[in-house]
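So the structure is just underneath, and the comments pick up after that.
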Amino acid sequence: MNPPPITDTDVEPDDIGSRIDPVLARSWLLVNGIGADRFQAAAHSRADIVVLDIEDAVAPKDKVAARDNVVRWLSAGNPDWVRVNGFGTQWWEGDLDALRELGTGLGGVMLAMVESVDHVTETAKRLPGIPIVALVETARGLERIGEIAAAKGTFRLAFGIGDFRRDTGFGENPTTLAYARSRFTIAAKAAHLPSAIDGPTVGSSALRLSEATAVSREFGMTGKICLAPDQCAAVNEGLSPSQEEITWAREFFAEFERDGGEIRNGSDLPRIARATKIIDLARSYGIEVHADHDDDPDHVPAPSDTYHY
């Protein structure tokens, strides 16, 4: 899928974000590697992680040129990520050879079309110490997702929705893809990985993006691929603790301390863990409770037992 062009005019001066720990990263912005003039605007976007794409977005005749663009950008001191061509393609080895020379100048790689453990382990051998997001995009890959998640070298899982739907014939309804998303979340948890990254939402509708991000969150996915800079802020907000959740966590701890700070019943331990995670994430994302926010605990809904934090 070819993301729309990114130019400097797409980014407001007061809307410049910064990269964060990829363990916590919410928005993963794909940028077509053939358009080097788009890289700076992407770097100034709200994306938690910028992923320069030399795979699906680039025509075969432009693969080498896109790779060269990306290497020049990374060599100039921009430690972004790269989506590389899948294992077994004619470009995979050349991609890794070029990136290996960068050492720590490379943030990480998103490996396309992962269908087996070998795809990850062989990539990891050629890029030692570089985190690998395994992009699973086919039925074959989904059937082996537990093994892929547990493979040495896998850093996070990502769901390639477009290719998966093309491979399986599935529609885009969240109910249709519920089984697939569940498999990603369960495999990541079982392998002690950070939660999975959901696939992108096509189109510019703010409502559609908000609804799609809510679906990602409902299925325990804490990251989402973005196709344009203006998607990143909405994804970041949708995958962060809300004001209501932060207030609930703080009120819970206040009540817990008022009651002596000792376990009162079987629900306290999971609620302590959930509230702690909410506060920690809010702190990591730089989120504060608004001064005018209603902090009456009677009006603050507690997260459900399936809440992914």
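Residue numbering restarts at 1 in every chain; chains get A, B, ... in the order shown in the structure tokens, and ligands count up from 1 in that same order.
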
Exercise for the section: List the neighbours of segment 89-102 of chain A out to 12 Å using only C-alpha atoms; skip same-chain residues closer than 4 positions along the sequence, and give me the result as an NGL selection string. Expected result: :A and (53-56 or 58-85 or 106-114 or 119-120 or 122-130 or 132)

Exercise for the section: Among the residues of segment 104-271 of chain A, find those DSSP assigns to strand (DSSP E or B) from the backbone and print them as a list in words. Expected result: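 Strand (DSSP E or B) assignments inside segment 104-271 of chain A correspond to Gly108, Val109, Met110, Leu111, Ile132, Val133, Ala134, Leu135, Val136, Thr154, Phe155, Arg156, Leu157, Ala158, Phe159, Ile197, Asp198, Gly223, Lys224, Ile225 and Cys226 of chain A.
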
Problem - segment 262-271 of chain A surroundings by only C-alpha atoms, 9 Å radius, close-in-sequence under 3 positions cut, as a PyMOL selection string - result: chain A and resi 249+252+256-257+259+274-276+303+305

Take the residues from that selection and put them in a file with N, CA, C and O atoms, as a tab-separated table (two decimals), in the first residue's frame.
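Output contents, as saved in selection-v6.tsv:
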```tsv
chain	number	residue	atom	x	y	z
A	249	ALA	N	-7.69	5.58	38.36
A	249	ALA	CA	-6.51	4.97	38.98
A	249	ALA	C	-6.09	5.75	40.22
A	249	ALA	O	-5.79	5.16	41.27
A	252	PHE	N	-8.62	5.23	42.97
A	252	PHE	CA	-8.50	3.89	43.53
A	252	PHE	C	-7.39	3.83	44.56
A	252	PHE	O	-7.55	3.30	45.66
A	256	PHE	N	-7.64	3.08	48.47
A	256	PHE	CA	-6.88	1.94	48.99
A	256	PHE	C	-6.05	2.36	50.21
A	256	PHE	O	-6.00	1.65	51.22
A	257	GLU	N	-5.42	3.53	50.12
A	257	GLU	CA	-4.62	4.02	51.24
A	257	GLU	C	-5.50	4.39	52.42
A	257	GLU	O	-5.13	4.16	53.58
A	259	ASP	N	-8.11	2.97	53.30
A	259	ASP	CA	-8.53	1.72	53.94
A	259	ASP	C	-7.38	0.94	54.56
A	259	ASP	O	-7.53	-0.23	54.91
A	274	ARG	N	-3.65	-2.90	37.37
A	274	ARG	CA	-4.22	-2.11	36.28
A	274	ARG	C	-4.01	-0.62	36.52
A	274	ARG	O	-3.62	0.14	35.62
A	275	ALA	N	-4.26	-0.18	37.76
A	275	ALA	CA	-4.10	1.24	38.08
A	275	ALA	C	-2.64	1.66	37.97
A	275	ALA	O	-2.33	2.76	37.49
A	276	THR	N	-1.73	0.80	38.40
A	276	THR	CA	-0.31	1.11	38.30
A	276	THR	C	0.11	1.27	36.84
A	276	THR	O	0.85	2.19	36.48
A	303	PRO	N	-12.03	0.74	34.56
A	303	PRO	CA	-11.78	-0.14	33.42
A	303	PRO	C	-12.32	-1.53	33.68
A	303	PRO	O	-12.40	-1.98	34.82
A	305	ASP	N	-12.52	-5.76	33.39
A	305	ASP	CA	-11.54	-6.80	33.73
A	305	ASP	C	-10.69	-7.19	32.52
A	305	ASP	O	-9.67	-7.85	32.69
```

All residues 9 Å or closer to segment 167-173 of chain A, only C-alpha atoms, same chain fewer than 6 positions away omitted, as a CSV table (one decimal) with N, CA and C atoms, in the first residue's frame:
```
chain,number,residue,atom,x,y,z
A,137,GLU,N,1.1,-11.2,7.6
A,137,GLU,CA,0.2,-10.7,6.7
A,137,GLU,C,-0.6,-11.8,5.9
A,138,THR,N,-0.4,-13.0,6.3
A,138,THR,CA,-1.0,-14.1,5.5
A,138,THR,C,-1.6,-15.2,6.5
A,139,ALA,N,-2.5,-16.0,5.9
A,139,ALA,CA,-3.0,-17.1,6.7
A,139,ALA,C,-1.9,-18.0,7.2
A,161,ILE,N,-3.0,-6.0,7.7
A,161,ILE,CA,-4.4,-6.2,7.5
A,161,ILE,C,-4.7,-6.3,6.0
```

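Going from atom CA of Ser182 of chain A to atom CA of Gly146 of chain A covers 11.8 Å.
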
Using only C-alpha atoms, tabulate the residues of segment 182-207 of chain A lying at most 7 Å from any atom of segment 221-241 of chain A, each with its closest atom pair and that distance in Å to one decimal, by chain and increasing residue number, as a tab-separated table.
```
residue	atom	partner	partner_atom	distance
A:Thr185	CA	A:Met221	CA	6.5
A:Ser195	CA	A:Met221	CA	5.5
A:Ala196	CA	A:Met221	CA	5.0
A:Ile197	CA	A:Gly223	CA	4.1
A:Asp198	CA	A:Lys224	CA	4.5
A:Gly199	CA	A:Ile225	CA	5.2
A:Pro200	CA	A:Ile225	CA	4.7
```

Exercise for the section: Just the residues within 7 Å of Lys152 of chain A, please, counting only C-alpha atoms, with nothing from its chain fewer than 2 positions along; format it as a list of chain:residue names. Expected result: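 Everything that qualifies: A:Thr121, A:Ala150, A:Thr154.
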
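Across the structure, atom CA of Val50 of chain A and atom CA of Asp21 of chain A are spaced 12.0 Å apart.
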